[in-house]
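Asks: File upload08.cif below, mmCIF, C-alpha atoms and all ligand atoms:
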```cif
data_query
loop_
_atom_site.label_atom_id
_atom_site.label_comp_id
_atom_site.auth_asym_id
_atom_site.auth_seq_id
_atom_site.Cartn_x
_atom_site.Cartn_y
_atom_site.Cartn_z
CA MET A 1 87.16 91.02 83.89
CA ALA A 2 87.75 88.69 86.74
CA VAL A 3 86.95 85.29 85.39
CA PHE A 4 90.41 84.15 84.38
CA THR A 5 89.54 80.46 84.80
CA PRO A 6 85.95 79.64 83.73
CA VAL A 7 83.95 77.23 85.90
CA SER A 8 81.08 75.24 84.32
CA GLU A 9 77.81 74.44 86.08
CA ALA A 10 78.81 70.78 86.06
CA GLN A 11 82.07 71.63 87.84
CA ALA A 12 80.24 73.78 90.40
CA LYS A 13 77.79 70.93 91.06
CA GLU A 14 80.66 68.49 91.52
CA LEU A 15 82.41 70.93 93.88
CA LEU A 16 79.26 71.32 95.98
CA THR A 17 79.18 67.54 96.61
CA HIS A 18 82.17 68.17 98.92
CA TYR A 19 80.18 70.65 101.06
CA THR A 20 76.85 70.66 102.91
CA LEU A 21 75.64 73.88 101.28
CA GLY A 22 72.70 72.41 99.34
CA ASP A 23 72.24 72.15 95.57
CA LEU A 24 73.31 74.59 92.89
CA VAL A 25 70.68 77.13 91.82
CA SER A 26 72.84 79.53 89.79
CA LEU A 27 76.41 80.49 89.02
CA ARG A 28 77.44 84.01 87.98
CA GLY A 29 80.93 85.36 87.24
CA ILE A 30 81.95 88.54 89.13
CA ALA A 31 83.31 91.23 86.83
CA SER A 32 85.49 93.23 89.24
CA GLY A 33 88.78 92.19 90.84
CA ILE A 34 92.17 91.78 89.20
CA GLU A 35 93.83 88.92 91.08
CA ASN A 36 91.50 85.95 91.21
CA THR A 37 88.53 84.31 89.54
CA ASN A 38 85.33 85.00 91.50
CA TYR A 39 81.78 83.69 91.07
CA PHE A 40 78.56 84.24 93.00
CA VAL A 41 77.19 80.76 93.71
CA THR A 42 73.54 80.54 94.74
CA THR A 43 72.51 77.25 96.32
CA THR A 44 69.35 76.07 98.05
CA THR A 45 70.89 77.34 101.34
CA GLY A 46 72.05 80.83 100.34
CA VAL A 47 74.49 82.90 98.30
CA TYR A 48 78.24 82.28 98.48
CA VAL A 49 81.38 83.47 96.70
CA LEU A 50 83.55 80.89 94.96
CA THR A 51 87.14 82.02 94.41
CA LEU A 52 89.76 80.27 92.28
CA PHE A 53 93.19 81.52 93.32
CA GLU A 54 95.29 82.29 90.26
CA ARG A 55 98.61 82.81 92.03
CA LEU A 56 98.53 81.59 95.63
CA THR A 57 99.17 77.94 96.45
CA HIS A 58 97.29 75.76 98.94
CA GLU A 59 100.07 76.25 101.48
CA GLN A 60 100.17 80.04 101.11
CA LEU A 61 96.37 80.29 101.30
CA SER A 62 96.00 78.48 104.56
CA PHE A 63 96.92 81.53 106.71
CA TYR A 64 94.36 83.79 105.01
CA ILE A 65 91.52 81.26 104.94
CA GLU A 66 92.00 80.17 108.55
CA LEU A 67 92.34 83.79 109.71
CA MET A 68 89.03 84.71 108.05
CA HIS A 69 87.42 81.65 109.62
CA HIS A 70 88.80 82.64 113.05
CA LEU A 71 87.52 86.22 112.72
CA ALA A 72 84.09 85.19 111.43
CA ALA A 73 83.72 82.76 114.34
CA ARG A 74 84.27 85.75 116.68
CA GLY A 75 81.56 87.83 115.06
CA VAL A 76 83.73 90.02 112.82
CA ALA A 77 81.98 90.75 109.50
CA VAL A 78 84.34 89.00 107.08
CA PRO A 79 83.64 86.27 104.50
CA ASP A 80 83.50 82.96 106.33
CA PRO A 81 85.27 80.14 104.46
CA GLN A 82 82.97 77.14 104.43
CA SER A 83 84.18 73.74 105.59
CA ARG A 84 84.23 70.75 103.29
CA THR A 85 82.90 67.41 104.44
CA ASP A 86 86.51 66.29 105.04
CA GLY A 87 86.98 69.22 107.47
CA THR A 88 89.31 71.26 105.23
CA ARG A 89 88.40 74.66 103.76
CA ILE A 90 90.48 74.72 100.55
CA GLY A 91 89.59 72.67 97.48
CA THR A 92 90.80 72.43 93.87
CA VAL A 93 88.91 73.45 90.71
CA ASN A 94 90.52 73.35 87.26
CA GLY A 95 93.86 72.82 88.95
CA LYS A 96 93.52 76.02 90.99
CA PRO A 97 93.09 76.17 94.78
CA SER A 98 89.52 77.23 95.59
CA SER A 99 87.39 78.42 98.50
CA ILE A 100 83.68 79.01 99.06
CA VAL A 101 82.95 81.85 101.47
CA THR A 102 79.79 83.54 102.72
CA CYS A 103 78.60 86.47 100.63
CA LEU A 104 78.56 89.77 102.50
CA ARG A 105 75.92 92.38 101.81
CA GLY A 106 76.63 95.65 100.11
CA ALA A 107 79.04 97.34 97.72
CA SER A 108 82.16 99.48 97.97
CA VAL A 109 81.69 103.18 98.71
CA MET A 110 84.29 105.00 96.65
CA ALA A 111 83.42 108.52 97.92
CA PRO A 112 83.14 107.91 101.67
CA GLY A 113 82.10 110.41 104.33
CA PRO A 114 82.76 110.53 108.08
CA VAL A 115 79.82 108.17 108.70
CA HIS A 116 81.62 105.44 106.71
CA CYS A 117 85.06 106.18 108.15
CA ALA A 118 83.81 105.95 111.73
CA GLN A 119 82.46 102.44 111.11
CA VAL A 120 85.62 101.35 109.30
CA GLY A 121 87.76 102.53 112.25
CA GLU A 122 85.58 100.77 114.79
CA ALA A 123 85.42 97.52 112.83
CA LEU A 124 89.19 97.57 112.24
CA ALA A 125 89.84 97.78 116.00
CA ARG A 126 87.37 94.94 116.62
CA MET A 127 89.12 92.88 113.97
CA HIS A 128 92.52 93.51 115.60
CA LEU A 129 91.28 92.43 119.03
CA ALA A 130 89.47 89.38 117.64
CA GLY A 131 92.60 88.28 115.78
CA ALA A 132 94.92 88.65 118.79
CA ASP A 133 94.61 84.97 119.76
CA PHE A 134 94.91 83.60 116.21
CA PRO A 135 97.62 80.97 116.65
CA VAL A 136 99.33 81.10 113.26
CA VAL A 137 102.03 83.71 112.66
CA GLN A 138 102.78 84.79 109.10
CA PRO A 139 104.49 88.14 108.63
CA ASN A 140 103.14 90.81 106.33
CA LEU A 141 104.85 89.65 103.13
CA ARG A 142 104.81 93.28 101.88
CA GLY A 143 106.59 94.63 104.97
CA LEU A 144 110.01 96.21 105.52
CA PRO A 145 112.07 93.19 104.33
CA TRP A 146 110.17 93.24 101.01
CA TRP A 147 110.72 97.00 100.64
CA GLN A 148 114.43 96.48 101.35
CA GLU A 149 114.59 93.81 98.68
CA THR A 150 112.52 95.72 96.11
CA ALA A 151 113.67 99.35 96.46
CA PRO A 152 117.18 98.66 95.01
CA THR A 153 115.63 97.11 91.88
CA LEU A 154 113.54 100.27 91.37
CA LEU A 155 116.26 102.87 91.92
CA PRO A 156 117.84 102.57 88.42
CA LEU A 157 114.39 103.11 86.87
CA LEU A 158 113.66 106.37 88.69
CA ASP A 159 114.92 109.87 88.00
CA ALA A 160 117.45 111.28 90.48
CA GLU A 161 114.92 113.20 92.57
CA LEU A 162 112.57 110.22 92.98
CA ALA A 163 115.47 107.89 93.69
CA ALA A 164 116.64 110.27 96.44
CA LEU A 165 113.14 110.34 97.94
CA LEU A 166 112.93 106.55 97.95
CA THR A 167 116.42 106.14 99.38
CA ASP A 168 115.85 108.66 102.14
CA GLU A 169 112.48 107.26 103.23
CA MET A 170 113.90 103.72 103.23
CA GLU A 171 116.71 104.91 105.53
CA VAL A 172 114.25 106.63 107.85
CA GLN A 173 111.93 103.63 108.04
CA THR A 174 114.82 101.21 108.62
CA ARG A 175 116.04 103.41 111.48
CA VAL A 176 112.56 103.80 113.00
CA ALA A 177 111.93 100.04 112.87
CA ALA A 178 115.00 99.48 115.06
CA MET A 179 113.85 101.92 117.78
CA PRO A 180 112.71 100.48 121.14
CA GLU A 181 109.28 102.16 120.76
CA ALA A 182 108.79 100.39 117.43
CA ARG A 183 109.53 97.06 119.03
CA SER A 184 106.92 97.73 121.71
CA LEU A 185 104.07 98.48 119.29
CA PRO A 186 101.08 96.11 119.59
CA THR A 187 101.16 93.59 116.75
CA GLY A 188 98.91 90.86 115.43
CA PRO A 189 97.03 89.70 112.34
CA SER A 190 96.37 92.79 110.21
CA HIS A 191 94.49 93.26 106.94
CA CYS A 192 97.29 95.42 105.47
CA ASP A 193 95.22 96.43 102.40
CA LEU A 194 91.98 97.85 103.78
CA PHE A 195 91.30 100.24 100.90
CA ARG A 196 87.84 101.49 99.91
CA ASP A 197 87.37 98.65 97.43
CA ASN A 198 87.92 96.06 100.17
CA VAL A 199 85.06 97.21 102.40
CA LEU A 200 81.39 96.66 101.61
CA PHE A 201 78.55 98.94 102.77
CA ASP A 202 74.86 98.13 102.64
CA GLY A 203 73.52 101.67 102.30
CA ASP A 204 75.42 103.54 105.00
CA THR A 205 75.87 100.44 107.18
CA LEU A 206 79.09 98.48 107.12
CA GLY A 207 78.68 95.05 105.50
CA GLY A 208 82.22 93.85 106.19
CA PHE A 209 85.84 93.57 105.08
CA ILE A 210 86.89 91.44 102.11
CA ASP A 211 90.08 90.46 100.26
CA PHE A 212 92.43 89.27 103.01
CA TYR A 213 95.13 88.09 100.61
CA PHE A 214 97.69 90.69 101.71
CA ALA A 215 96.96 90.09 105.40
CA GLY A 216 99.80 89.25 107.75
CA CYS A 217 101.13 89.87 111.21
CA ASP A 218 102.29 93.45 111.53
CA THR A 219 101.86 96.38 113.90
CA TRP A 220 98.25 97.38 114.32
CA LEU A 221 99.42 100.98 113.87
CA PHE A 222 100.62 100.19 110.34
CA ASP A 223 97.21 98.71 109.52
CA VAL A 224 95.46 101.83 110.84
CA ALA A 225 97.81 104.01 108.76
CA VAL A 226 97.22 102.01 105.55
CA THR A 227 93.47 102.32 106.09
CA LEU A 228 93.61 106.00 106.96
CA ASN A 229 95.78 107.00 104.00
CA ASP A 230 93.25 105.52 101.59
CA TRP A 231 89.95 106.39 103.29
CA THR A 232 90.71 110.01 104.12
CA SER A 233 93.04 111.23 101.33
CA ASP A 234 92.02 112.97 98.15
CA PRO A 235 93.68 110.79 95.46
CA ALA A 236 94.27 113.85 93.27
CA THR A 237 96.23 115.81 95.87
CA GLY A 238 97.03 113.39 98.72
CA GLU A 239 95.53 115.89 101.20
CA ILE A 240 93.78 114.44 104.25
CA ASP A 241 90.15 115.37 104.92
CA MET A 242 90.16 116.11 108.65
CA ALA A 243 86.49 115.27 109.23
CA ARG A 244 87.08 111.75 107.89
CA TYR A 245 90.44 111.56 109.73
CA ASP A 246 88.81 112.33 113.09
CA ALA A 247 85.88 110.00 112.42
CA LEU A 248 88.07 107.01 111.54
CA LEU A 249 90.49 107.39 114.43
CA GLN A 250 87.79 108.17 117.02
CA GLY A 251 85.89 105.11 115.77
CA TYR A 252 88.99 102.98 116.28
CA ARG A 253 89.68 104.47 119.72
CA ARG A 254 86.15 103.78 120.94
CA VAL A 255 87.13 100.10 120.77
CA ARG A 256 90.86 100.18 121.57
CA ALA A 257 92.92 103.03 123.08
CA PHE A 258 96.23 103.81 121.38
CA THR A 259 99.41 103.21 123.44
CA ASP A 260 102.12 105.80 124.14
CA ALA A 261 104.43 104.18 121.59
CA GLU A 262 101.66 104.35 118.98
CA HIS A 263 101.17 108.07 119.68
CA ALA A 264 104.92 108.65 119.33
CA LEU A 265 105.33 106.76 116.04
CA TRP A 266 102.11 107.71 114.26
CA PRO A 267 103.70 110.22 111.81
CA TYR A 268 106.21 107.52 110.77
CA ALA A 269 103.45 104.92 110.39
CA LEU A 270 101.59 107.21 107.97
CA ARG A 271 104.82 107.55 105.97
CA ALA A 272 105.49 103.80 106.08
CA ALA A 273 101.98 103.05 104.83
CA ALA A 274 102.45 105.49 101.94
CA LEU A 275 105.89 104.04 101.13
CA ARG A 276 104.52 100.47 101.05
CA PHE A 277 102.03 101.26 98.26
CA TRP A 278 104.36 103.61 96.42
CA ILE A 279 106.88 100.77 96.17
CA SER A 280 104.36 98.09 95.16
CA ARG A 281 102.79 100.36 92.56
CA LEU A 282 106.21 101.33 91.14
CA TYR A 283 107.07 97.66 91.02
CA ASP A 284 103.86 96.71 89.19
CA PHE A 285 104.28 99.69 86.85
CA HIS A 286 107.89 99.00 85.87
CA MET A 287 107.83 95.20 86.12
CA PRO A 288 104.35 94.00 85.16
CA ARG A 289 103.72 90.28 85.48
CA PRO A 290 103.59 88.56 82.05
CA ALA A 291 99.87 87.71 82.32
CA GLN A 292 98.85 91.11 83.62
CA THR A 293 96.49 92.73 81.13
CA LEU A 294 95.07 95.49 83.31
CA THR A 295 96.44 99.01 83.74
CA PRO A 296 98.49 99.13 86.95
CA HIS A 297 97.46 101.54 89.73
CA ASP A 298 99.11 104.96 89.47
CA PRO A 299 102.25 105.11 91.69
CA ARG A 300 102.13 108.93 91.76
CA VAL A 301 99.09 108.86 94.07
CA PHE A 302 101.27 107.38 96.82
CA GLU A 303 104.30 109.45 95.89
CA ARG A 304 102.14 112.54 96.58
CA ILE A 305 100.80 111.07 99.83
CA LEU A 306 104.34 110.22 100.96
CA ARG A 307 105.65 113.72 100.21
CA LEU A 308 102.80 115.33 102.15
CA ARG A 309 103.19 112.99 105.16
CA ARG A 310 106.93 113.73 105.24
CA ALA A 311 106.27 117.48 105.15
CA ALA A 312 103.62 117.43 107.91
CA ASP A 313 104.59 115.46 110.98
CA SER A 314 101.92 117.17 113.07
CA PHE A 315 99.22 114.53 112.67
CA LEU A 316 98.11 113.25 116.05
CA LEU A 317 96.23 110.20 117.28
CA PRO A 318 93.24 110.81 119.57
N1 LIG A 401 82.54 87.56 100.32
C1 LIG A 401 82.09 88.44 99.45
N2 LIG A 401 80.85 88.95 99.58
C2 LIG A 401 80.36 89.81 98.67
N3 LIG A 401 81.01 90.22 97.58
C3 LIG A 401 82.24 89.76 97.39
C4 LIG A 401 82.85 88.85 98.31
N4 LIG A 401 84.09 88.55 97.86
C5 LIG A 401 84.24 89.25 96.71
N5 LIG A 401 83.13 89.97 96.42
C6 LIG A 401 82.91 90.83 95.25
O1 LIG A 401 83.85 90.45 94.27
C7 LIG A 401 84.66 91.56 93.88
C8 LIG A 401 86.08 91.06 93.60
O2 LIG A 401 86.63 90.49 94.78
P1 LIG A 401 88.11 90.80 95.21
O3 LIG A 401 88.27 92.28 95.43
O4 LIG A 401 88.43 89.91 96.35
O5 LIG A 401 88.88 90.39 93.88
P2 LIG A 401 90.33 89.92 93.67
O6 LIG A 401 90.55 89.79 92.21
O7 LIG A 401 90.55 88.67 94.48
O8 LIG A 401 91.22 91.04 94.34
P3 LIG A 401 91.68 92.51 93.94
O9 LIG A 401 90.95 93.43 94.91
O10 LIG A 401 93.14 92.46 94.22
O11 LIG A 401 91.33 92.80 92.56
C9 LIG A 401 84.57 92.53 95.02
O12 LIG A 401 84.74 93.85 94.64
C10 LIG A 401 83.15 92.29 95.53
O13 LIG A 401 82.25 93.03 94.76
N1 LIG A 402 95.31 98.29 97.34
C1 LIG A 402 96.46 98.13 96.47
C2 LIG A 402 96.26 97.05 95.45
C3 LIG A 402 96.49 95.68 95.99
O1 LIG A 402 95.35 95.19 96.58
C4 LIG A 402 96.76 99.43 95.74
O2 LIG A 402 95.83 100.24 95.62
O3 LIG A 402 97.88 99.62 95.30
#
```
Once you've parsed the file, please lay out its structure as structure tokens.
Ligand SMILES: Nc1ncnc2c1ncn2[C@@H]1O[C@H](COP(=O)(O)OP(=O)(O)OP(=O)(O)O)[C@@H](O)[C@H]1O
Ligand SMILES: N[C@@H](CCO)C(=O)O
Replies:
Amino acid sequence: MAVFTPVSEAQAKELLTHYTLGDLVSLRGIASGIENTNYFVTTTTGVYVLTLFERLTHEQLSFYIELMHHLAARGVAVPDPQSRTDGTRIGTVNGKPSSIVTCLRGASVMAPGPVHCAQVGEALARMHLAGADFPVVQPNLRGLPWWQETAPTLLPLLDAELAALLTDEMEVQTRVAAMPEARSLPTGPSHCDLFRDNVLFDGDTLGGFIDFYFAGCDTWLFDVAVTLNDWTSDPATGEIDMARYDALLQGYRRVRAFTDAEHALWPYALRAAALRFWISRLYDFHMPRPAQTLTPHDPRVFERILRLRRAADSFLLP
């Protein structure tokens, strides 16, 4: 379930008085999602998504909401946060920060083919370029400093072999991050969590990217690697499907060519992207938040992906 904080029709009507989106027609809770409360809100002007943020504060939200607004204004298919009559885009409902965004068409495709991966790659590159002049800088809050802070808390909970794997990959990634090539990688606002469930397709046509609440400024290569690891790997084995691999990366390259430094560091980016989700899943598994009622994602999926990416450093960018 993903209505943690119920919203009444009366509250929705009151909220809409702060926007110019017309009158309420219907309000329907959205079942999926594990972080926030989401409703479809139909008004006399269209369908929107109302989100009540269960964890993020007004201040923390501002980067994500303004980034989505910036991207939408440049024609990238992302939910567009609607402006209130006072010019702001974040409100408060039941004591929780709230936003109303445009509703994108489509649904997640959980068994994608090359046709989907090509569009995801292309749209990701367009998103990177469109975000390049976004003026606010907020780092990826699940980047290297967070791994360095979190890995030591996990080590005592892992068996010796897993602890050695985590320790070694942390050392490698810390060393790679200090290399001159790493410092010359193109960076900018990145989604950082562009998994299958965060992309909508209307039939076989991309509807857009959603769920920007892990976005932050990072290397574009890391964002490509996060996306690729999810969209092209078999979750049961971690193996990459090369038809989807080629489609996603060629799609990206049609919009933006990869630099020499990106070519050189690609195998490490794939490992870094696997490490990021292995750590966060281990963390959620061993240290669930008190209010968390849902089964955490399986950390072993990313342990397998990490092992395979470490064993095969022959993956190339087009
Ligand atoms: N702008 C949108 N347009 C269309 N559908 C949306 C939109 N935003 C959310 N949804 C629908 O709501 C569902 C839940 O949204 P979302 O994934 O953002 O939930 P969450 O709880 O915030 O995050 P998480 O993915 O971490 O569980 C999505 O799977 C999608 O079906
Ligand atoms: N995409 C993340 C969940 C956080 O959005 C994962 O699969 O671990």
Asks: What separation in Å, quoted to one decimal, exists between CA of Val136 in chain A and CA of Cys217 in chain A?
Replies: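 Separating CA of Val136 in chain A from CA of Cys217 in chain A is a distance of 9.2 Å.
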Asks: Which is closest to Asn36 in chain A among A:Thr85, A:Gln11, A:Thr51, A:Ser190, if we use all atoms listed in the file?
Replies: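 With all atoms listed in the file as the atom set, the closest residue is A:Thr51.
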Asks: For atom O1 of ligand LIG 402 (chain A) and CA of Phe4 in chain A, determine how far apart the two atoms are, in Å to one decimal place.
Replies: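 Between atom O1 of ligand LIG 402 (chain A) and CA of Phe4 in chain A the gap is 17.2 Å.
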Asks: For Ala225 in chain A, please output as a ChimeraX atom specification all residues within 7 Å (counting all atoms listed in the file; exclusion window: fewer than 4 positions along the same chain).
Replies: /A:221,229,269-270,273
Asks: Please compute the CA of Arg142 in chain A-CA of Asp193 in chain A distance, one decimal, in Å.
Replies: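 Between CA of Arg142 in chain A and CA of Asp193 in chain A the gap works out to 10.1 Å.
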Asks: Find the residues of range 105-206 of chain A that sit at most 9 Å from range 296-314 of chain A; for each, write down the nearest two atoms and how far apart they are in Å, to one decimal. Count only C-alpha atoms. Sort by chain, then by number going up, and give it as a Markdown table.
Replies:
```
| residue | atom | partner | partner_atom | distance |
| --- | --- | --- | --- | --- |
| A:Leu162 | CA | A:Glu303 | CA | 8.8 |
| A:Leu165 | CA | A:Arg307 | CA | 8.5 |
| A:Glu169 | CA | A:Arg310 | CA | 8.8 |
```
Asks: Out of A:Arg126, A:Arg196, A:His286, A:His18, which residue has the shortest atom-to-atom distance to Gly91 in chain A when counting only C-alpha atoms?
Replies: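 Of the candidates, the smallest distance to Gly91 in chain A is held by A:His18.
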Asks: Set the cut-off to 10 Å, count all atoms listed in the file, and list whatever residues fall near ligand LIG 401 (chain A) as a PyMOL selection string.
Replies: chain A and resi 1-4+29-40+47-54+77-81+100-108+193-200+207-214
Asks: Taking all atoms listed in the file into account, which of A:Ala160, A:Ala125, A:Leu16, A:Leu61 comes nearest Trp220 in chain A?
Replies: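 Result for the nearest residue to Trp220 in chain A: A:Ala125.
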Asks: Could you list as a list of chain:residue names every residue that has an atom within 7 Å of (95.2, 79.3, 111.7), using the file's coordinates and counting only C-alpha atoms?
Replies: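 Checking each residue against the 7 Å limit leaves A:Phe63, A:Glu66, A:Leu67, A:Phe134, A:Pro135, A:Val136.
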Asks: Contacts of Ala12 in chain A at 9 Å or less, counting all atoms listed in the file, minus same-chain residues fewer than 4 places along, as a PDB file with C-alpha atoms, keeping the file's coordinate frame?
Replies:
```pdb
ATOM      1  CA  VAL A   7      83.950  77.230  85.900  1.00  0.00           C
ATOM      2  CA  SER A   8      81.080  75.240  84.320  1.00  0.00           C
ATOM      3  CA  LEU A  16      79.260  71.320  95.980  1.00  0.00           C
ATOM      4  CA  THR A  17      79.180  67.540  96.610  1.00  0.00           C
ATOM      5  CA  LEU A  24      73.310  74.590  92.890  1.00  0.00           C
ATOM      6  CA  LEU A  27      76.410  80.490  89.020  1.00  0.00           C
ATOM      7  CA  VAL A  41      77.190  80.760  93.710  1.00  0.00           C
ATOM      8  CA  VAL A  93      88.910  73.450  90.710  1.00  0.00           C
TER       9      VAL A  93
END
```
Asks: Within 10 Å of Arg254 in chain A, counting all atoms listed in the file, which residues qualify if same-chain residues fewer than 4 places away don't, as a list in words?
Replies: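 Once the adjacent positions are removed, what remains is Ala118, Gly121, Glu122, Ala125, Arg126, Leu249 and Gln250 of chain A.
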Asks: Quick one: of A:Gln60, A:Asn94, A:Asn140, A:Gln82, who's nearest to Thr187 in chain A, counting all atoms listed in the file?
Replies: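 That would be A:Asn140, the residue with the smallest distance to Thr187 in chain A.
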Asks: Excluding Val176 in chain A and residues on its chain fewer than 6 positions from it, collect all residues at most 10 Å away from it, counting only C-alpha atoms, and give them as a list of chain:residue names.
Replies: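 Answer for this query is A:Met170, A:Ala182, A:Arg183, A:Leu265, A:Tyr268, A:Ala269, A:Ala272.
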Asks: For range 172-186 of chain A, take all atoms listed in the file, fit an axis-aligned box around them, add 5 Å to each of the six sides, then output centre and edge lengths in Å rounded to one decimal, as AutoDock Vina command-line options.
Replies:
```
--center_x 108.6 --center_y 101.4 --center_z 114.8 --size_x 25.0 --size_y 20.5 --size_z 23.9
```
Asks: Which of these residues is nearest to Val226 in chain A, using all atoms listed in the file: A:Ala274, A:Met179, A:Ala247, A:Val109?
Replies: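 Once distances to Val226 in chain A are computed over all atoms listed in the file, the minimum belongs to A:Ala274.
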Asks: Which of these, A:Thr88, A:Thr57, A:Thr232, A:Ser83, has the shortest distance to Met110 in chain A once you count all atoms listed in the file?
Replies: A:Thr232
